[in-house]
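Okay, entry_37.pdb is below, PDB, C-alpha atoms and all ligand atoms:
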```pdb
MODEL        1
ATOM      1  CA  MET A   1     128.564 117.766  78.845
ATOM      2  CA  LYS A   2     127.135 117.422  82.352
ATOM      3  CA  PRO A   3     124.567 114.653  82.939
ATOM      4  CA  PHE A   4     121.006 115.947  82.761
ATOM      5  CA  ILE A   5     118.625 115.462  85.698
ATOM      6  CA  TYR A   6     114.913 116.071  85.414
ATOM      7  CA  ILE A   7     112.795 116.684  88.542
ATOM      8  CA  THR A   8     109.090 116.285  87.896
ATOM      9  CA  ARG A   9     107.852 118.812  90.470
ATOM     10  CA  LYS A  10     109.078 122.131  91.779
ATOM     11  CA  LEU A  11     111.096 121.388  94.919
ATOM     12  CA  PRO A  12     112.756 123.874  97.293
ATOM     13  CA  GLU A  13     115.964 125.348  95.866
ATOM     14  CA  ALA A  14     117.958 124.431  98.982
ATOM     15  CA  VAL A  15     117.158 120.749  98.466
ATOM     16  CA  VAL A  16     118.238 120.637  94.824
ATOM     17  CA  ALA A  17     121.278 122.923  95.225
ATOM     18  CA  PRO A  18     123.732 120.011  95.724
ATOM     19  CA  LEU A  19     122.595 118.528  92.413
ATOM     20  CA  LYS A  20     122.795 121.852  90.604
ATOM     21  CA  SER A  21     126.409 122.314  91.564
ATOM     22  CA  GLU A  22     127.399 119.125  89.732
ATOM     23  CA  PHE A  23     124.787 118.422  87.103
ATOM     24  CA  ASP A  24     122.532 120.059  84.562
ATOM     25  CA  VAL A  25     119.233 120.144  86.488
ATOM     26  CA  GLU A  26     115.773 121.095  85.303
ATOM     27  CA  MET A  27     112.554 121.084  87.341
ATOM     28  CA  TRP A  28     108.932 121.094  86.282
ATOM     29  CA  GLU A  29     107.866 124.639  87.153
ATOM     30  CA  LYS A  30     104.769 123.811  89.212
ATOM     31  CA  GLU A  31     104.515 122.718  92.809
ATOM     32  CA  ASP A  32     100.887 121.639  92.694
ATOM     33  CA  ALA A  33     100.378 120.276  89.197
ATOM     34  CA  GLN A  34     101.743 117.190  87.554
ATOM     35  CA  VAL A  35     104.148 117.420  84.652
ATOM     36  CA  PRO A  36     102.276 116.617  81.402
ATOM     37  CA  ARG A  37     103.094 113.206  80.020
ATOM     38  CA  ASP A  38     104.564 114.490  76.729
ATOM     39  CA  ILE A  39     107.004 116.739  78.573
ATOM     40  CA  LEU A  40     108.006 113.922  80.931
ATOM     41  CA  LEU A  41     108.685 111.626  77.949
ATOM     42  CA  GLU A  42     110.699 114.303  76.181
ATOM     43  CA  LYS A  43     112.818 115.062  79.261
ATOM     44  CA  ALA A  44     113.322 111.370  80.051
ATOM     45  CA  GLU A  45     114.849 110.837  76.597
ATOM     46  CA  LYS A  46     117.864 112.926  77.518
ATOM     47  CA  ALA A  47     117.978 112.424  81.292
ATOM     48  CA  SER A  48     120.586 110.451  83.227
ATOM     49  CA  ALA A  49     118.390 110.696  86.308
ATOM     50  CA  LEU A  50     114.751 111.396  87.060
ATOM     51  CA  LEU A  51     113.378 112.489  90.409
ATOM     52  CA  THR A  52     109.733 111.420  90.194
ATOM     53  CA  MET A  53     106.502 111.675  92.183
ATOM     54  CA  LEU A  54     104.205 108.719  92.876
ATOM     55  CA  SER A  55     101.781 110.242  90.370
ATOM     56  CA  ASP A  56     104.273 109.985  87.466
ATOM     57  CA  LYS A  57     104.026 106.846  85.365
ATOM     58  CA  VAL A  58     107.474 105.429  84.743
ATOM     59  CA  ASP A  59     106.392 102.695  82.372
ATOM     60  CA  ARG A  60     107.905 100.685  79.559
ATOM     61  CA  GLU A  61     107.140 103.379  77.001
ATOM     62  CA  LEU A  62     109.107 105.943  79.005
ATOM     63  CA  LEU A  63     111.968 103.612  79.838
ATOM     64  CA  GLN A  64     112.372 102.291  76.298
ATOM     65  CA  ASN A  65     113.232 105.709  74.925
ATOM     66  CA  ALA A  66     115.344 106.850  77.874
ATOM     67  CA  SER A  67     118.725 105.853  76.486
ATOM     68  CA  TYR A  68     120.882 107.665  79.046
ATOM     69  CA  LEU A  69     118.783 106.939  82.114
ATOM     70  CA  LYS A  70     120.645 105.413  85.049
ATOM     71  CA  VAL A  71     118.393 106.106  88.012
ATOM     72  CA  VAL A  72     114.821 106.979  88.896
ATOM     73  CA  ALA A  73     114.510 108.313  92.451
ATOM     74  CA  ASN A  74     110.850 108.084  93.424
ATOM     75  CA  LEU A  75     109.677 110.445  96.169
ATOM     76  CA  ALA A  76     107.642 107.782  98.001
ATOM     77  CA  VAL A  77     108.083 104.482  99.734
ATOM     78  CA  GLY A  78     105.643 102.932  97.258
ATOM     79  CA  PHE A  79     106.833 102.323  93.707
ATOM     80  CA  ASP A  80     103.748 100.907  92.005
ATOM     81  CA  ASN A  81     103.961 103.776  89.493
ATOM     82  CA  ILE A  82     107.164 102.240  88.110
ATOM     83  CA  ASP A  83     107.531  99.242  85.814
ATOM     84  CA  LEU A  84     110.305  97.443  87.696
ATOM     85  CA  GLU A  85     110.613  94.718  85.105
ATOM     86  CA  ALA A  86     111.221  97.192  82.295
ATOM     87  CA  ALA A  87     113.643  99.156  84.488
ATOM     88  CA  LYS A  88     115.612  95.999  85.237
ATOM     89  CA  GLU A  89     115.815  95.115  81.556
ATOM     90  CA  LYS A  90     117.181  98.585  80.824
ATOM     91  CA  GLY A  91     119.595  98.495  83.770
ATOM     92  CA  VAL A  92     117.952 101.502  85.408
ATOM     93  CA  THR A  93     118.260 101.674  89.207
ATOM     94  CA  ILE A  94     115.055 102.526  91.056
ATOM     95  CA  THR A  95     115.171 104.062  94.502
ATOM     96  CA  ASN A  96     112.411 104.892  96.974
ATOM     97  CA  THR A  97     112.191 106.612 100.377
ATOM     98  CA  PRO A  98     111.560 104.021 103.101
ATOM     99  CA  ASP A  99     112.249 104.544 106.817
ATOM    100  CA  VAL A 100     112.342 108.361 106.776
ATOM    101  CA  LEU A 101     108.546 108.460 106.439
ATOM    102  CA  THR A 102     107.588 105.556 108.684
ATOM    103  CA  GLU A 103     106.630 107.401 111.860
ATOM    104  CA  THR A 104     105.003 110.324 110.048
ATOM    105  CA  THR A 105     102.824 108.014 107.973
ATOM    106  CA  ALA A 106     101.911 106.030 111.081
ATOM    107  CA  ASP A 107     100.893 109.289 112.808
ATOM    108  CA  LEU A 108      98.608 110.194 109.924
ATOM    109  CA  THR A 109      97.123 106.703 109.755
ATOM    110  CA  PHE A 110      96.254 106.885 113.422
ATOM    111  CA  ALA A 111      94.915 110.419 113.060
ATOM    112  CA  LEU A 112      92.661 109.227 110.245
ATOM    113  CA  LEU A 113      91.452 106.322 112.358
ATOM    114  CA  MET A 114      90.693 108.626 115.265
ATOM    115  CA  ALA A 115      89.035 111.274 113.107
ATOM    116  CA  THR A 116      86.793 108.660 111.492
ATOM    117  CA  SER A 117      85.788 106.870 114.657
ATOM    118  CA  ARG A 118      85.242 109.995 116.768
ATOM    119  CA  ARG A 119      83.622 111.939 113.897
ATOM    120  CA  VAL A 120      86.075 114.796 114.222
ATOM    121  CA  VAL A 121      85.514 116.210 110.732
ATOM    122  CA  GLU A 122      81.719 116.072 111.032
ATOM    123  CA  ALA A 123      81.953 117.765 114.433
ATOM    124  CA  ASP A 124      84.129 120.558 113.070
ATOM    125  CA  ARG A 125      81.681 121.128 110.211
ATOM    126  CA  TYR A 126      78.743 121.051 112.643
ATOM    127  CA  ILE A 127      80.132 123.810 114.796
ATOM    128  CA  LYS A 128      81.306 125.985 111.891
ATOM    129  CA  GLU A 129      77.911 125.684 110.200
ATOM    130  CA  GLY A 130      76.286 127.133 113.330
ATOM    131  CA  LYS A 131      74.427 123.923 114.173
ATOM    132  CA  TRP A 132      75.551 123.675 117.816
ATOM    133  CA  LYS A 133      72.595 124.819 119.869
ATOM    134  CA  SER A 134      73.051 122.866 123.088
ATOM    135  CA  TRP A 135      75.124 120.159 124.700
ATOM    136  CA  SER A 136      73.308 116.877 124.317
ATOM    137  CA  PRO A 137      74.076 113.377 125.540
ATOM    138  CA  LEU A 138      74.519 111.645 122.207
ATOM    139  CA  LEU A 139      75.644 114.583 120.125
ATOM    140  CA  LEU A 140      77.996 113.253 117.431
ATOM    141  CA  ALA A 141      78.608 110.130 119.487
ATOM    142  CA  GLY A 142      81.320 108.066 117.889
ATOM    143  CA  THR A 143      83.073 104.752 118.356
ATOM    144  CA  ASP A 144      85.651 103.987 121.047
ATOM    145  CA  ILE A 145      89.181 103.202 120.013
ATOM    146  CA  HIS A 146      90.779 102.071 123.261
ATOM    147  CA  HIS A 147      90.560  98.367 124.102
ATOM    148  CA  LYS A 148      89.249  97.554 120.619
ATOM    149  CA  THR A 149      90.779  95.224 118.037
ATOM    150  CA  MET A 150      92.842  96.540 115.182
ATOM    151  CA  GLY A 151      93.588  94.320 112.178
ATOM    152  CA  ILE A 152      96.542  95.466 110.114
ATOM    153  CA  VAL A 153      96.788  94.232 106.541
ATOM    154  CA  GLY A 154     100.407  94.658 105.452
ATOM    155  CA  MET A 155     102.859  94.538 108.337
ATOM    156  CA  GLY A 156     105.845  96.479 107.032
ATOM    157  CA  SER A 157     107.602  99.101 109.077
ATOM    158  CA  ILE A 158     104.615 101.478 108.867
ATOM    159  CA  GLY A 159     102.333  98.673 110.044
ATOM    160  CA  GLU A 160     104.607  98.073 113.010
ATOM    161  CA  ALA A 161     104.681 101.797 113.830
ATOM    162  CA  VAL A 162     100.862 101.887 113.753
ATOM    163  CA  ALA A 163     100.747  98.779 115.957
ATOM    164  CA  ARG A 164     102.992 100.522 118.517
ATOM    165  CA  ARG A 165     100.566 103.431 118.626
ATOM    166  CA  ALA A 166      97.627 101.040 118.977
ATOM    167  CA  LYS A 167      99.295  99.349 121.934
ATOM    168  CA  GLY A 168      99.380 102.758 123.639
ATOM    169  CA  PHE A 169      95.592 102.725 123.317
ATOM    170  CA  ASN A 170      95.397  99.261 124.888
ATOM    171  CA  MET A 171      94.184  97.778 121.647
ATOM    172  CA  GLU A 172      94.553  94.182 120.624
ATOM    173  CA  VAL A 173      96.460  94.098 117.352
ATOM    174  CA  LEU A 174      96.051  91.364 114.746
ATOM    175  CA  TYR A 175      97.951  91.372 111.494
ATOM    176  CA  HIS A 176      98.029  89.677 108.161
ATOM    177  CA  ASN A 177     101.083  89.791 105.970
ATOM    178  CA  ARG A 178     102.823  87.872 103.193
ATOM    179  CA  SER A 179     105.196  86.488 105.795
ATOM    180  CA  ARG A 180     105.037  86.276 109.561
ATOM    181  CA  LYS A 181     106.942  88.794 111.698
ATOM    182  CA  PRO A 182     108.157  86.852 114.755
ATOM    183  CA  GLU A 183     110.090  89.828 116.101
ATOM    184  CA  ALA A 184     107.056  92.119 115.938
ATOM    185  CA  GLU A 185     104.954  89.377 117.528
ATOM    186  CA  GLU A 186     107.380  89.219 120.407
ATOM    187  CA  THR A 187     108.175  92.885 120.922
ATOM    188  CA  LEU A 188     104.761  94.373 120.112
ATOM    189  CA  GLY A 189     102.511  91.512 121.129
ATOM    190  CA  VAL A 190     100.757  91.489 117.751
ATOM    191  CA  ARG A 191      99.089  88.287 116.566
ATOM    192  CA  TYR A 192      99.232  86.814 113.067
ATOM    193  CA  VAL A 193      95.844  85.658 111.717
ATOM    194  CA  SER A 194      94.383  84.755 108.331
ATOM    195  CA  PHE A 195      92.940  87.499 106.130
ATOM    196  CA  ASP A 196      89.422  86.204 106.832
ATOM    197  CA  ASP A 197      90.049  86.389 110.579
ATOM    198  CA  ILE A 198      91.233  89.986 110.237
ATOM    199  CA  LEU A 199      87.943  90.768 108.509
ATOM    200  CA  ALA A 200      85.775  88.918 111.020
ATOM    201  CA  GLN A 201      87.461  90.017 114.240
ATOM    202  CA  SER A 202      88.652  93.589 113.728
ATOM    203  CA  ASP A 203      86.910  96.748 114.879
ATOM    204  CA  PHE A 204      89.368  98.664 112.720
ATOM    205  CA  VAL A 205      90.724  97.166 109.512
ATOM    206  CA  VAL A 206      93.820  99.147 108.581
ATOM    207  CA  VAL A 207      95.359  98.680 105.138
ATOM    208  CA  LEU A 208      99.071  99.396 104.895
ATOM    209  CA  ALA A 209     100.129  96.909 102.232
ATOM    210  CA  PRO A 210     102.033  97.838  99.079
ATOM    211  CA  LEU A 211     100.095  97.755  95.821
ATOM    212  CA  ASN A 212     101.152  94.805  93.695
ATOM    213  CA  THR A 213      99.546  91.938  91.793
ATOM    214  CA  GLU A 214      98.728  90.157  95.058
ATOM    215  CA  THR A 215      97.054  93.108  96.774
ATOM    216  CA  GLN A 216      95.291  94.775  93.856
ATOM    217  CA  GLY A 217      91.537  94.527  94.375
ATOM    218  CA  MET A 218      91.999  92.636  97.657
ATOM    219  CA  PHE A 219      88.899  94.283  99.143
ATOM    220  CA  GLN A 220      85.722  93.449  97.224
ATOM    221  CA  GLU A 221      82.056  93.136  98.219
ATOM    222  CA  ASP A 222      82.764  89.773  99.821
ATOM    223  CA  GLN A 223      85.470  91.132 102.104
ATOM    224  CA  PHE A 224      83.302  94.009 103.322
ATOM    225  CA  ARG A 225      80.425  91.612 103.993
ATOM    226  CA  LYS A 226      82.731  89.553 106.201
ATOM    227  CA  MET A 227      83.558  92.570 108.365
ATOM    228  CA  LYS A 228      81.637  93.598 111.503
ATOM    229  CA  ASN A 229      78.890  96.079 110.732
ATOM    230  CA  THR A 230      80.431  98.334 113.372
ATOM    231  CA  ALA A 231      83.882  98.132 111.765
ATOM    232  CA  ILE A 232      85.816 101.090 110.460
ATOM    233  CA  PHE A 233      87.947 100.642 107.372
ATOM    234  CA  ILE A 234      91.152 102.671 107.028
ATOM    235  CA  ASN A 235      93.230 102.808 103.856
ATOM    236  CA  ALA A 236      96.529 104.677 103.966
ATOM    237  CA  ALA A 237      98.237 102.462 101.381
ATOM    238  CA  ARG A 238      96.997 102.596  97.792
ATOM    239  CA  GLY A 239      93.495 103.098  96.402
ATOM    240  CA  ALA A 240      93.654 100.220  93.939
ATOM    241  CA  ILE A 241      93.857  97.693  96.781
ATOM    242  CA  VAL A 242      90.165  98.388  97.251
ATOM    243  CA  ASN A 243      87.255  98.142  94.858
ATOM    244  CA  GLU A 244      85.789 101.585  95.576
ATOM    245  CA  ALA A 245      82.359 100.732  94.167
ATOM    246  CA  ALA A 246      82.182  97.777  96.563
ATOM    247  CA  LEU A 247      83.293  99.985  99.457
ATOM    248  CA  LEU A 248      80.606 102.526  98.605
ATOM    249  CA  GLN A 249      77.895  99.859  98.571
ATOM    250  CA  ALA A 250      79.189  98.346 101.824
ATOM    251  CA  LEU A 251      78.943 101.760 103.525
ATOM    252  CA  LYS A 252      75.491 102.422 102.101
ATOM    253  CA  ARG A 253      74.175  98.990 103.061
ATOM    254  CA  GLY A 254      75.677  99.292 106.532
ATOM    255  CA  ASP A 255      77.996  96.295 106.132
ATOM    256  CA  ILE A 256      80.602  98.509 107.798
ATOM    257  CA  ALA A 257      80.235 101.704 109.824
ATOM    258  CA  GLY A 258      82.761 104.065 108.310
ATOM    259  CA  ALA A 259      85.897 104.587 106.281
ATOM    260  CA  GLY A 260      88.956 106.781 106.562
ATOM    261  CA  LEU A 261      90.688 107.096 103.217
ATOM    262  CA  ASP A 262      93.973 108.790 102.406
ATOM    263  CA  VAL A 263      94.224 107.134  98.989
ATOM    264  CA  PHE A 264      91.884 106.528  96.062
ATOM    265  CA  GLU A 265      91.636 104.498  92.879
ATOM    266  CA  THR A 266      91.941 107.707  90.876
ATOM    267  CA  GLU A 267      93.878 110.578  92.386
ATOM    268  CA  PRO A 268      92.843 113.305  92.673
ATOM    269  CA  ILE A 269      89.357 111.903  93.339
ATOM    270  CA  SER A 270      86.652 114.114  91.833
ATOM    271  CA  GLU A 271      84.777 116.245  94.336
ATOM    272  CA  ASP A 272      81.403 114.824  93.282
ATOM    273  CA  HIS A 273      82.484 111.206  93.823
ATOM    274  CA  PRO A 274      79.689 109.437  95.775
ATOM    275  CA  LEU A 275      82.109 108.300  98.499
ATOM    276  CA  LEU A 276      82.744 111.938  99.374
ATOM    277  CA  GLN A 277      79.025 112.546  99.917
ATOM    278  CA  LEU A 278      78.903 110.185 102.912
ATOM    279  CA  ASP A 279      79.277 111.603 106.429
ATOM    280  CA  GLN A 280      80.826 108.369 107.642
ATOM    281  CA  VAL A 281      83.738 108.791 105.228
ATOM    282  CA  VAL A 282      86.754 110.911 106.134
ATOM    283  CA  ALA A 283      88.808 111.650 103.040
ATOM    284  CA  LEU A 284      92.323 113.040 102.814
ATOM    285  CA  PRO A 285      94.346 113.960  99.705
ATOM    286  CA  HIS A 286      97.121 111.329 100.023
ATOM    287  CA  ILE A 287      99.070 113.126 102.744
ATOM    288  CA  GLY A 288     100.368 110.099 104.671
ATOM    289  CA  SER A 289     103.978 111.245 104.789
ATOM    290  CA  SER A 290     103.267 114.947 104.519
ATOM    291  CA  SER A 291     104.920 116.665 107.427
ATOM    292  CA  LYS A 292     107.393 119.392 106.488
ATOM    293  CA  ASP A 293     110.335 117.596 108.074
ATOM    294  CA  THR A 294     109.586 114.249 106.535
ATOM    295  CA  ARG A 295     108.924 115.573 103.051
ATOM    296  CA  LEU A 296     112.265 117.404 103.184
ATOM    297  CA  ASP A 297     113.975 114.222 104.382
ATOM    298  CA  MET A 298     112.400 112.298 101.511
ATOM    299  CA  MET A 299     113.574 114.880  98.968
ATOM    300  CA  THR A 300     117.090 114.864 100.412
ATOM    301  CA  LEU A 301     117.197 111.079 100.247
ATOM    302  CA  CYS A 302     116.201 111.205  96.568
ATOM    303  CA  VAL A 303     118.966 113.726  95.884
ATOM    304  CA  GLU A 304     121.530 111.553  97.686
ATOM    305  CA  ASN A 305     120.421 108.466  95.797
ATOM    306  CA  ILE A 306     120.802 110.251  92.464
ATOM    307  CA  GLN A 307     124.244 111.560  93.425
ATOM    308  CA  ALA A 308     125.350 108.070  94.454
ATOM    309  CA  VAL A 309     124.209 106.347  91.259
ATOM    310  CA  LEU A 310     125.631 109.015  88.963
ATOM    311  CA  LYS A 311     128.988 108.700  90.746
ATOM    312  CA  GLY A 312     128.947 104.930  90.369
ATOM    313  CA  ASP A 313     128.189 104.208  94.037
ATOM    314  CA  ASN A 314     125.392 102.185  95.578
ATOM    315  CA  PRO A 315     122.344 104.289  96.462
ATOM    316  CA  LYS A 316     121.134 104.207 100.071
ATOM    317  CA  THR A 317     117.675 102.872  99.295
ATOM    318  CA  ALA A 318     117.522 100.955  96.033
ATOM    319  CA  VAL A 319     114.326  99.024  95.349
ATOM    320  CA  LYS A 320     115.289  95.367  95.251
TER     321      LYS A 320
HETATM  322  C1  LIG A 401     104.332 106.735  99.897
HETATM  323  O1  LIG A 401     105.423 107.255 100.162
HETATM  324  O2  LIG A 401     104.231 105.747  99.168
HETATM  325  C2  LIG A 401     103.133 107.352 100.536
HETATM  326  O3  LIG A 401     101.977 106.889  99.979
HETATM  327  C3  LIG A 401     103.227 108.860 100.442
HETATM  328  O4  LIG A 401     102.384 109.470 101.364
ENDMDL
END
```
Before we go any further, please render this structure as structure tokens.
Amino acid sequence: MKPFIYITRKLPEAVVAPLKSEFDVEMWEKEDAQVPRDILLEKAEKASALLTMLSDKVDRELLQNASYLKVVANLAVGFDNIDLEAAKEKGVTITNTPDVLTETTADLTFALLMATSRRVVEADRYIKEGKWKSWSPLLLAGTDIHHKTMGIVGMGSIGEAVARRAKGFNMEVLYHNRSRKPEAEETLGVRYVSFDDILAQSDFVVVLAPLNTETQGMFQEDQFRKMKNTAIFINAARGAIVNEAALLQALKRGDIAGAGLDVFETEPISEDHPLLQLDQVVALPHIGSSSKDTRLDMMTLCVENIQAVLKGDNPKTAVK
């Protein structure tokens, strides 16, 4: 019997063809809706490999009953949806998709920063709603980006790619990270500072840290109060790093000037969420790595990782 592979979202046939030629492959039929939990659990019980989305919970319950499972290839660089401890205990290899999405995610992060500070979304709405009656000196006046200070929280490869873009805008770049990055300091001219200094000194606070026990809830009322009241907060990492209620209050009180959010505590965020009612918030549906090329590269990497593990080889990008 061929090993069974379950893919939790409908992916292009061309991408999964190499798996289909060797294995018994089944895909969840929908492109835009998550596989129901009971189906995921049922499929996992007989699967040798799972190709999962960041919205699928690969927890202890799932792993405990997945007796044949050898590998979970997660279509994301983040893997906070996976219980690594339980996977290790069961000897299941976890892989992710670093590197291939770095530049694309940095592009989106910068686009979000620019859209928020220069009020691009508001301006688009303004014109389409027929509100533009005359040119006027302070019409939709935003905040400058060039020559300002960016504070990056989480200096992985995406952080470095964002810093490179910021340098092109003549920005000063500060960063805070679990460990210092001497090479980035030298090549990019970024400066390591404490978390509190990031908050106090940055015009743009950009969150690019992974979600884990250290970063969960890192931004609370206190942190927003320490920021400049002209500051713009950008989160392209994970929603749970931020206490959304505290962010909402900080925006309403004017502790900070705006927020660009690609990620939320609960995804999808409901359309009547109070954060979405604020003009100074630009919200995106978690599309950091979503360019056609990059998403295809991520899918291909997942397929290659599954092939490698099922053949007894080392996958390209195992989570350590
Ligand atoms: C990831 O890969 O973790 C990103 O959040 C996807 O956009």
Quick one: residues within 12 Å of A:Glu89, all atoms listed in the file counted, chain neighbours fewer than 4 positions away excluded, as JSON, numbers by chain?
-> {"A": [60, 63, 64, 70, 83, 84, 85, 93]}
Once you count all atoms listed in the file, what closest atom pair and distance in Å to one decimal does each residue of chain A within 6 Å of ligand LIG 401 (chain A) have, with rows by chain and rising residue number, as a tab-separated table?
```
residue	atom	partner	partner_atom	distance
A:Ala76	CA	A:LIG401	O1	3.1
A:Val77	CA	A:LIG401	O1	3.9
A:Gly78	CA	A:LIG401	O2	3.7
A:Ala237	CA	A:LIG401	O3	6.0
A:His286	CA	A:LIG401	O4	5.7
A:Ile287	CA	A:LIG401	O4	5.1
A:Gly288	CA	A:LIG401	O4	3.9
A:Ser289	CA	A:LIG401	O4	4.2
```
Output file for the residues above (C-alpha atoms, as a JSON list (two decimals), in the coordinates of the input):
```
[["chain", "number", "residue", "atom", "x", "y", "z"],
["A", 76, "ALA", "CA", 107.64, 107.78, 98.00],
["A", 77, "VAL", "CA", 108.08, 104.48, 99.73],
["A", 78, "GLY", "CA", 105.64, 102.93, 97.26],
["A", 237, "ALA", "CA", 98.24, 102.46, 101.38],
["A", 286, "HIS", "CA", 97.12, 111.33, 100.02],
["A", 287, "ILE", "CA", 99.07, 113.13, 102.74],
["A", 288, "GLY", "CA", 100.37, 110.10, 104.67],
["A", 289, "SER", "CA", 103.98, 111.24, 104.79]]
```
List, as a PyMOL selection string, every residue that the PyMOL selection byres (((chain A and resi 308-311) around 9) and not hetatm) selects in the file provided.
-> chain A and resi 3+48-49+70-71+93+303-307+312-316
With the file shown as input, list the residues that the PyMOL selection byres (((chain A and resi 206-222) around 7) and not hetatm) selects, as a list in words.
-> Gly78, Asp80, Gly151, Ile152, Val153, Gly154, Gly159, Phe204, Val205, Gln223, Phe224, Arg225, Lys226, Phe233, Ile234, Asn235, Ala236, Ala237, Arg238, Ala240, Ile241, Val242, Asn243, Ala246 and Ala250 of chain A
Tell me, in Å to one decimal, how far atom CA of A:Ala17 is from atom CA of A:Leu51.
->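 Computed distance, atom CA of A:Ala17 to atom CA of A:Leu51, equals 13.9 Å.
From atom CA of A:Phe169 back to atom CA of A:Glu185, the distance works out to 17.3 Å.
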Could I get the residues of stretch 104-200 of chain A with an atom no further than 9 Å from an atom of stretch 255-265 of chain A, each paired with its nearest atom pair and that distance in Å to one decimal, using all atoms listed in the file, sorted by chain and residue number, as CSV?
```
residue,atom,partner,partner_atom,distance
A:Leu108,CA,A:Asp262,CA,8.9
A:Thr109,CA,A:Asp262,CA,8.3
A:Leu112,CA,A:Gly260,CA,5.8
A:Leu113,CA,A:Gly260,CA,6.3
A:Ala115,CA,A:Gly260,CA,7.9
A:Thr116,CA,A:Gly260,CA,5.7
A:Ser117,CA,A:Gly258,CA,7.6
```
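Using only C-alpha atoms, the nearest neighbour of A:Pro182 within the list A:Glu45, A:Asp203, A:Glu103, A:Glu160 is A:Glu160.
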Just how far from atom CA of A:Leu275 is atom CA of A:Leu247, in Å to one decimal?
->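 Separation between atom CA of A:Leu247 and atom CA of A:Leu275: 8.5 Å.
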12 Å contact set for A:Ala161, only C-alpha atoms, chain neighbours under 2 positions out, as number ranges by chain | A: 99, 101-110, 152, 154-159, 163-168, 173, 184, 187-188, 190, 208
For the residues selected in the previous step, produce a file with C-alpha atoms as a tab-separated table (two decimals), keeping the file's coordinate frame.
```
chain	number	residue	atom	x	y	z
A	99	ASP	CA	112.25	104.54	106.82
A	101	LEU	CA	108.55	108.46	106.44
A	102	THR	CA	107.59	105.56	108.68
A	103	GLU	CA	106.63	107.40	111.86
A	104	THR	CA	105.00	110.32	110.05
A	105	THR	CA	102.82	108.01	107.97
A	106	ALA	CA	101.91	106.03	111.08
A	107	ASP	CA	100.89	109.29	112.81
A	108	LEU	CA	98.61	110.19	109.92
A	109	THR	CA	97.12	106.70	109.76
A	110	PHE	CA	96.25	106.88	113.42
A	152	ILE	CA	96.54	95.47	110.11
A	154	GLY	CA	100.41	94.66	105.45
A	155	MET	CA	102.86	94.54	108.34
A	156	GLY	CA	105.84	96.48	107.03
A	157	SER	CA	107.60	99.10	109.08
A	158	ILE	CA	104.62	101.48	108.87
A	159	GLY	CA	102.33	98.67	110.04
A	163	ALA	CA	100.75	98.78	115.96
A	164	ARG	CA	102.99	100.52	118.52
A	165	ARG	CA	100.57	103.43	118.63
A	166	ALA	CA	97.63	101.04	118.98
A	167	LYS	CA	99.30	99.35	121.93
A	168	GLY	CA	99.38	102.76	123.64
A	173	VAL	CA	96.46	94.10	117.35
A	184	ALA	CA	107.06	92.12	115.94
A	187	THR	CA	108.18	92.88	120.92
A	188	LEU	CA	104.76	94.37	120.11
A	190	VAL	CA	100.76	91.49	117.75
A	208	LEU	CA	99.07	99.40	104.90
```
As JSON, please report the centre and edge lengths, rounded to one decimal in Å, of the axis-aligned box that holds all listed atoms of stretch 269-288 of chain A with 3 Å of padding on each of the six sides.
```
{"center_x": 89.6, "center_y": 112.3, "center_z": 99.7, "size_x": 27.5, "size_y": 13.9, "size_z": 21.8}
```
With all atoms listed in the file as the atoms that count, which of A:Lys131, A:Lys292, A:Arg191, A:Lys88 lies nearest to A:Thr149?
->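 Nearest to A:Thr149: A:Arg191.
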With the file shown as input, list the residues that the PyMOL selection byres (((chain A and resi 26) around 6) and not hetatm) selects, as a list in words.
->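 With the shown file as input, the PyMOL selection byres (((chain A and resi 26) around 6) and not hetatm) matches Tyr6, Val25 and Met27 of chain A.
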Between A:Thr97, A:Trp28, A:Asn81, A:Ala73, which has the minimum distance to A:Leu54 (counting only C-alpha atoms)?
->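 Result for the nearest residue to A:Leu54: A:Asn81.
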Write out as a list of chain:residue names the residues lying within 8 Å of A:Arg180, counting only C-alpha atoms and excluding same-chain residues fewer than 3 positions away.
-> A:His176, A:Asn177, A:Tyr192
Could you check which of A:Ser67, A:Asn96, A:Thr52, A:Ser202 is closest to A:Ile145, using only C-alpha atoms?
->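 Of A:Ser67, A:Asn96, A:Thr52, A:Ser202, the one nearest A:Ile145, counting only C-alpha atoms, is A:Ser202.
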From the set A:Met298, A:Ala47, A:Val281, A:Ala87, which residue has the shortest atom-to-atom contact distance to A:Arg118, counting all atoms listed in the file?
->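 With all atoms listed in the file as the atom set, the closest residue is A:Val281.
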